[in-house]
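Just below is one structure, and these are the notes that go with it.
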Amino acid sequence: MFDYIIVGAGFAGSVIAERIANVLNEKVLIIEKRNHIGGNCYDERIENILVHKYGPHLFHTNYKEVWDYLSNFTEWDLYHHKVLAFIDGRNVPIPFNFNTLYKVFPKELANKIEKKLLEKYIYNSKVPILELKKEKDKDLKFLADYIYEKIFLNYTAKQWGVKPEEIDSAVTARVPVFIGRDDRYFNDTYQAVPKDGYTKIFQKMLDHPNIKLMLNTDFNEVVQIDHQTKKIYFFNQELRGKLIFTGMIDELFDYKFGELPYRSVDMRFEIIEKEYYQKAATINYPNNYDFTRITEFKHIHPIKTNKTVILKEYPQVYVKDENTPYYPVFTQENQERYNEYLEYSQGFEDIVLVGRLAEYKYYDMDDIVKRALEVFEEKIR
Ligand code: UDP
């Protein structure tokens, strides 16, 4: 019998499994619905090019402890992600910064706006678009409206199905206006991609005699929860240890407070018969087409071949049993529903919830590794 059962083999589940196996020297079983480990970080080669099957994953962090921890499982290729946005017929750097300013406006106007921005904001600082929108100054207001309309409004409508102000402000603040000339998508201290890809990290993490893995298995097939006694059963035998759950919290509790909404994405890959398709790793299309962005993986994991692989992302509503939940949808109403689930879960002493889906939070990879390490220390160790 196992001491712990973990549902989900993404970062949340795999980090905790690795800690339980190595630090506690106890036995753990991971149950995974898909036919592979790694969750949405899973990558594999297409035409010999390393491709992120669930969308571009660029590792970036300011947490040295997370960088050090993951470095136990991989070597890195230093990598700084750059994104362009196709606006008014040309590609310009994103996040919007002074370089973008001079690309989209005539020099004199750009100059005037740059001066005003520098009078108001510190050089190299970040301003969320919804903050900039509050500007009273006529030139800054003009700039804010321009960025809002050209970059955020239609992209957010495609990605989330709502206007930027109808979603938690932290979402659009992920891509702030940058008061400076740094063209990189992230500014963190550590930025890299794993030399041999993410899947290899997971293989190394889980390669331990204390860890058993059950792929192609829905947790409902093997785990039962008794809502009266609050006990957990594994193949009808009472579980003595804990259940660490990283899947959808509403599914875990049989949707008793209703379904929590998620956004999904239809990931469409194409093999192109030329060496390169586009100039940057990712190009965003806020206002054109039904996809939000095109990523070309060769820029992320360079390799010399005659072909290239691109990914177009088509956001869509998540529908149970039909597609994959990628993002929790942050509105007041959904948060309240989540809180009902959270409160209910607190009645179960032996259930530990961790991860994007279980905590209904927009965790990045580094956030989730940090969170999993903390949960291990606080709730398991
Ligand atoms: N966003 C936007 N236009 C862009 C890039 C981002 O409106 O060109 C907004 C959009 O709402 C998006 C959010 O900022 O969902 C966060 O973007 P990010 O690139 O961090 O999303 P992720 O890579 O996590 O899908």
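Ordering of the structure tokens sets the chain letters (A, B, ...), residue numbers begin anew at 1 in every chain, and ligands are numbered from 1 in the order given.
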Can you list every residue in region 280-310 of chain A that DSSP puts in strand (DSSP E), as an mmCIF file with N, CA, C and O atoms, in the first residue's frame?
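out_2.cif written:
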data_model
loop_
_atom_site.group_PDB
_atom_site.id
_atom_site.type_symbol
_atom_site.label_atom_id
_atom_site.label_comp_id
_atom_site.auth_asym_id
_atom_site.auth_seq_id
_atom_site.Cartn_x
_atom_site.Cartn_y
_atom_site.Cartn_z
ATOM 1 N N THR A 282 7.692 34.148 -30.823
ATOM 2 C CA THR A 282 6.233 34.285 -30.780
ATOM 3 C C THR A 282 5.811 35.606 -31.407
ATOM 4 O O THR A 282 6.424 36.641 -31.140
ATOM 5 N N ILE A 283 4.796 35.537 -32.235
ATOM 6 C CA ILE A 283 4.169 36.769 -32.740
ATOM 7 C C ILE A 283 2.694 36.745 -32.350
ATOM 8 O O ILE A 283 1.979 35.774 -32.617
ATOM 9 N N ASN A 284 2.285 37.804 -31.646
ATOM 10 C CA ASN A 284 0.889 37.923 -31.216
ATOM 11 C C ASN A 284 0.065 38.611 -32.304
ATOM 12 O O ASN A 284 0.564 39.516 -32.974
ATOM 13 N N ARG A 293 -1.849 33.828 -31.153
ATOM 14 C CA ARG A 293 -0.421 33.971 -31.420
ATOM 15 C C ARG A 293 0.118 32.775 -32.192
ATOM 16 O O ARG A 293 -0.490 31.702 -32.206
ATOM 17 N N ILE A 294 1.274 33.005 -32.836
ATOM 18 C CA ILE A 294 1.983 31.926 -33.529
ATOM 19 C C ILE A 294 3.356 31.797 -32.888
ATOM 20 O O ILE A 294 4.081 32.788 -32.752
ATOM 21 N N THR A 295 3.698 30.585 -32.480
ATOM 22 C CA THR A 295 5.015 30.329 -31.906
ATOM 23 C C THR A 295 5.789 29.415 -32.843
ATOM 24 O O THR A 295 5.241 28.432 -33.353
ATOM 25 N N GLU A 296 7.048 29.751 -33.066
ATOM 26 C CA GLU A 296 7.932 28.908 -33.893
ATOM 27 C C GLU A 296 9.020 28.350 -32.979
ATOM 28 O O GLU A 296 9.862 29.112 -32.457
ATOM 29 N N THR A 308 10.405 23.589 -40.366
ATOM 30 C CA THR A 308 10.152 24.273 -39.101
ATOM 31 C C THR A 308 8.735 23.936 -38.628
ATOM 32 O O THR A 308 7.886 23.561 -39.438
ATOM 33 N N VAL A 309 8.517 24.026 -37.321
ATOM 34 C CA VAL A 309 7.200 23.697 -36.758
ATOM 35 C C VAL A 309 6.636 24.939 -36.071
ATOM 36 O O VAL A 309 7.317 25.573 -35.257
ATOM 37 N N ILE A 310 5.407 25.279 -36.444
ATOM 38 C CA ILE A 310 4.753 26.422 -35.793
ATOM 39 C C ILE A 310 3.478 25.966 -35.082
ATOM 40 O O ILE A 310 2.937 24.896 -35.372
#
Within-6 Å residues of ligand 1, basis only C-alpha atoms and all ligand atoms, as a PDB file with N, CA and C atoms, in the first residue's frame:
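Final output, saved to result.pdb:
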ATOM      1  N   ILE A 151      -3.601  46.490 -28.573  1.00  0.00           N
ATOM      2  CA  ILE A 151      -2.921  45.308 -28.030  1.00  0.00           C
ATOM      3  C   ILE A 151      -3.808  44.464 -27.114  1.00  0.00           C
ATOM      4  N   PHE A 152      -4.583  45.127 -26.263  1.00  0.00           N
ATOM      5  CA  PHE A 152      -5.272  44.359 -25.212  1.00  0.00           C
ATOM      6  C   PHE A 152      -6.727  43.998 -25.496  1.00  0.00           C
ATOM      7  N   TYR A 155      -7.315  41.024 -28.179  1.00  0.00           N
ATOM      8  CA  TYR A 155      -6.595  39.812 -27.730  1.00  0.00           C
ATOM      9  C   TYR A 155      -7.312  39.210 -26.524  1.00  0.00           C
ATOM     10  N   THR A 156      -7.674  40.074 -25.587  1.00  0.00           N
ATOM     11  CA  THR A 156      -8.347  39.598 -24.368  1.00  0.00           C
ATOM     12  C   THR A 156      -9.739  39.050 -24.699  1.00  0.00           C
ATOM     13  N   GLN A 159      -8.946  35.639 -26.041  1.00  0.00           N
ATOM     14  CA  GLN A 159      -8.382  34.732 -25.046  1.00  0.00           C
ATOM     15  C   GLN A 159      -9.380  34.392 -23.940  1.00  0.00           C
ATOM     16  N   VAL A 171      -4.360  39.769 -14.581  1.00  0.00           N
ATOM     17  CA  VAL A 171      -4.177  39.039 -15.847  1.00  0.00           C
ATOM     18  C   VAL A 171      -3.500  39.927 -16.894  1.00  0.00           C
ATOM     19  N   THR A 172      -4.070  41.122 -17.144  1.00  0.00           N
ATOM     20  CA  THR A 172      -3.436  41.993 -18.143  1.00  0.00           C
ATOM     21  C   THR A 172      -2.148  42.617 -17.589  1.00  0.00           C
ATOM     22  N   ARG A 174       0.146  41.089 -16.352  1.00  0.00           N
ATOM     23  CA  ARG A 174       1.248  40.176 -16.683  1.00  0.00           C
ATOM     24  C   ARG A 174       2.091  40.726 -17.844  1.00  0.00           C
ATOM     25  N   VAL A 175       1.440  41.532 -18.685  1.00  0.00           N
ATOM     26  CA  VAL A 175       2.156  42.112 -19.826  1.00  0.00           C
ATOM     27  C   VAL A 175       2.067  43.642 -19.716  1.00  0.00           C
ATOM     28  N   ASN A 284       2.285  37.804 -31.646  1.00  0.00           N
ATOM     29  CA  ASN A 284       0.889  37.923 -31.216  1.00  0.00           C
ATOM     30  C   ASN A 284       0.065  38.611 -32.304  1.00  0.00           C
ATOM     31  N   PRO A 286      -3.218  40.409 -32.001  1.00  0.00           N
ATOM     32  CA  PRO A 286      -4.362  40.871 -31.212  1.00  0.00           C
ATOM     33  C   PRO A 286      -5.610  41.104 -32.059  1.00  0.00           C
TER      34      PRO A 286
END
**Item:** Pick from A:Lys200, A:Lys242, A:Lys158, A:His299, whichever lies nearest to Pro315 (chain A) using only C-alpha atoms
**Value:** A:Lys158
**Message:** What's around Ile249 (chain A) at 12 Å? Count only C-alpha atoms, leave out sequence neighbours fewer than 2 positions away in its own chain, and write the answer as a count of residues only.
**Reply:** 39
**Asked** For the atom pair CA of Phe234 (chain A) and CA of Ala21 (chain A), what is the interatomic distance in Å to one decimal place?
**Response**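 Distance reported for this atom pair: 19.5 Å.
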**Request:** Figure out the distance between CA of Lys274 (chain A) and CA of Lys307 (chain A), please, to one decimal in Å.
**Result:** 4.9 Å
**Request:** Please indicate the distance in Å from CA of Arg90 (chain A) to CA of Tyr146 (chain A), rounded to one decimal place.
**Result:**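 CA of Tyr146 (chain A) lies at a distance of 15.1 Å from CA of Arg90 (chain A).
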**Request:** Considering only C-alpha atoms, state which residue in the set A:Ile122, A:Val162, A:Ile87, A:Leu143 is at the smallest distance from Thr331 (chain A).
**Result:**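 Checking each candidate against Thr331 (chain A), we get A:Val162 as the closest.
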**Message:** Report as a list in words all protein, DNA and RNA residues lying within 9 Å of region 364-381 of chain A, evaluated on only C-alpha atoms, omitting residues in the same chain fewer than 4 positions from it.
**Reply:**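 The contact residues come out as Phe11, Ala12, Gly13, Ser14, Val15, Ile16, Arg19, Ile20, Val23, Leu24, Cys41, His57, Leu58, Phe59, His60, Thr61, Asn62, Tyr63, Glu65, Val66, Trp67, Tyr69, Leu70, Lys242, Val352, Leu353, Val354, Gly355 and Arg356 of chain A.
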Save out the residues we just selected, N, CA, C and O atoms, as a short mmCIF file (atom, residue, chain, number, x, y, z; two decimals), in the first residue's frame.
data_model
loop_
_atom_site.label_atom_id
_atom_site.label_comp_id
_atom_site.auth_asym_id
_atom_site.auth_seq_id
_atom_site.Cartn_x
_atom_site.Cartn_y
_atom_site.Cartn_z
N PHE A 11 3.92 19.74 -12.77
CA PHE A 11 4.93 20.20 -11.81
C PHE A 11 4.47 20.02 -10.36
O PHE A 11 5.23 19.57 -9.51
N ALA A 12 3.23 20.39 -10.07
CA ALA A 12 2.75 20.30 -8.68
C ALA A 12 2.92 18.87 -8.16
O ALA A 12 3.55 18.64 -7.12
N GLY A 13 2.36 17.92 -8.88
CA GLY A 13 2.39 16.53 -8.44
C GLY A 13 3.79 15.93 -8.46
O GLY A 13 4.18 15.20 -7.54
N SER A 14 4.56 16.24 -9.49
CA SER A 14 5.87 15.61 -9.63
C SER A 14 6.87 16.10 -8.59
O SER A 14 7.67 15.32 -8.06
N VAL A 15 6.84 17.39 -8.30
CA VAL A 15 7.76 17.93 -7.28
C VAL A 15 7.45 17.29 -5.93
O VAL A 15 8.35 16.85 -5.21
N ILE A 16 6.17 17.21 -5.59
CA ILE A 16 5.80 16.64 -4.29
C ILE A 16 6.16 15.16 -4.23
O ILE A 16 6.70 14.67 -3.23
N ARG A 19 9.89 14.83 -3.62
CA ARG A 19 10.24 15.15 -2.22
C ARG A 19 9.87 13.99 -1.30
O ARG A 19 10.61 13.62 -0.40
N ILE A 20 8.66 13.46 -1.50
CA ILE A 20 8.21 12.36 -0.64
C ILE A 20 9.17 11.17 -0.78
O ILE A 20 9.59 10.56 0.21
N VAL A 23 13.13 12.70 0.27
CA VAL A 23 13.33 13.28 1.60
C VAL A 23 12.71 12.39 2.68
O VAL A 23 13.33 12.12 3.70
N LEU A 24 11.49 11.94 2.44
CA LEU A 24 10.81 11.14 3.47
C LEU A 24 11.08 9.64 3.31
O LEU A 24 10.80 8.86 4.21
N CYS A 41 3.46 21.01 -19.41
CA CYS A 41 4.84 21.33 -19.79
C CYS A 41 5.39 20.28 -20.76
O CYS A 41 6.53 20.40 -21.23
N HIS A 57 6.24 27.25 -23.32
CA HIS A 57 6.63 27.32 -21.91
C HIS A 57 8.04 27.86 -21.80
O HIS A 57 9.00 27.20 -22.19
N LEU A 58 8.13 29.08 -21.30
CA LEU A 58 9.44 29.71 -21.17
C LEU A 58 9.72 29.88 -19.69
O LEU A 58 8.95 30.55 -19.00
N PHE A 59 10.79 29.26 -19.25
CA PHE A 59 11.04 29.31 -17.81
C PHE A 59 11.70 30.63 -17.42
O PHE A 59 12.69 31.04 -18.01
N HIS A 60 11.12 31.28 -16.41
CA HIS A 60 11.71 32.53 -15.90
C HIS A 60 11.35 32.67 -14.43
O HIS A 60 10.24 32.36 -14.02
N THR A 61 12.33 33.09 -13.63
CA THR A 61 12.04 33.21 -12.20
C THR A 61 13.00 34.17 -11.51
O THR A 61 14.12 34.39 -11.97
N ASN A 62 12.51 34.73 -10.40
CA ASN A 62 13.39 35.48 -9.50
C ASN A 62 13.68 34.66 -8.25
O ASN A 62 14.39 35.12 -7.37
N TYR A 63 13.10 33.47 -8.16
CA TYR A 63 13.30 32.64 -6.97
C TYR A 63 14.54 31.77 -7.16
O TYR A 63 14.49 30.76 -7.87
N GLU A 65 15.79 29.74 -5.12
CA GLU A 65 15.59 28.38 -4.60
C GLU A 65 14.93 27.47 -5.65
O GLU A 65 15.21 26.28 -5.73
N VAL A 66 14.05 28.06 -6.46
CA VAL A 66 13.38 27.29 -7.50
C VAL A 66 14.37 26.95 -8.63
O VAL A 66 14.43 25.82 -9.11
N TRP A 67 15.15 27.94 -9.00
CA TRP A 67 16.18 27.73 -10.03
C TRP A 67 17.16 26.64 -9.59
O TRP A 67 17.47 25.73 -10.34
N TYR A 69 16.70 24.31 -7.30
CA TYR A 69 16.02 23.01 -7.19
C TYR A 69 15.90 22.34 -8.57
O TYR A 69 16.29 21.18 -8.75
N LEU A 70 15.39 23.08 -9.56
CA LEU A 70 15.20 22.49 -10.89
C LEU A 70 16.53 22.15 -11.56
O LEU A 70 16.60 21.23 -12.39
N LYS A 242 -2.07 10.49 2.73
CA LYS A 242 -2.78 11.65 2.19
C LYS A 242 -3.01 11.53 0.67
O LYS A 242 -2.27 10.86 -0.03
N VAL A 352 -4.88 17.25 0.19
CA VAL A 352 -4.04 18.44 0.00
C VAL A 352 -4.24 18.91 -1.45
O VAL A 352 -4.08 18.13 -2.39
N LEU A 353 -4.60 20.19 -1.60
CA LEU A 353 -4.86 20.72 -2.94
C LEU A 353 -3.70 21.60 -3.39
O LEU A 353 -3.30 22.50 -2.66
N VAL A 354 -3.19 21.35 -4.56
CA VAL A 354 -2.09 22.19 -5.05
C VAL A 354 -2.08 22.22 -6.58
O VAL A 354 -2.33 21.21 -7.24
N GLY A 355 -1.85 23.42 -7.12
CA GLY A 355 -1.75 23.55 -8.58
C GLY A 355 -2.75 24.52 -9.18
O GLY A 355 -3.67 24.99 -8.52
N ARG A 356 -2.55 24.81 -10.47
CA ARG A 356 -3.38 25.77 -11.20
C ARG A 356 -4.86 25.40 -11.13
O ARG A 356 -5.73 26.24 -10.92
#
**Prompt:** Which neighbours of region 205-210 of chain A fall inside 9 Å, counting only C-alpha atoms, when residues of the same chain fewer than 3 positions from it are skipped, and could you give them as a ChimeraX atom specification?
**Reply:** /A:14-15,17-18,20-22,25-29,72-73,200-202,213
**Request:** Name the residues of region 134-381 of chain A that come out as helix (DSSP H, G or I) in a backbone DSSP run; write them as an MDAnalysis selection string.
**Result:** chainID A and resid 138:160 164:166 169:172 198:206 219:222 249:252 297:299 332:345 365:380
**Request:** List the neighbours of Glu238 (chain A) out to 12 Å using only C-alpha atoms; skip same-chain residues closer than 6 positions along the sequence, and give me the result as JSON, numbers by chain.
**Result:** {"A": [1, 2, 3, 4, 5, 222, 223, 224, 225, 226, 229, 230, 231, 232, 350]}
**Fill in**
Using only C-alpha atoms, the residue out of A:Tyr327, A:Phe178, A:Tyr363, A:Tyr233 with shortest distance to Asn124 (chain A) is A:Phe178
**Message:** Between A:Glu333, A:Glu32, A:Glu114, A:Asp43, which residue has the minimum interatomic distance to Gly180 (chain A), considering only C-alpha atoms?
**Reply:**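 For Gly180 (chain A), the nearest of the candidates is A:Glu114.
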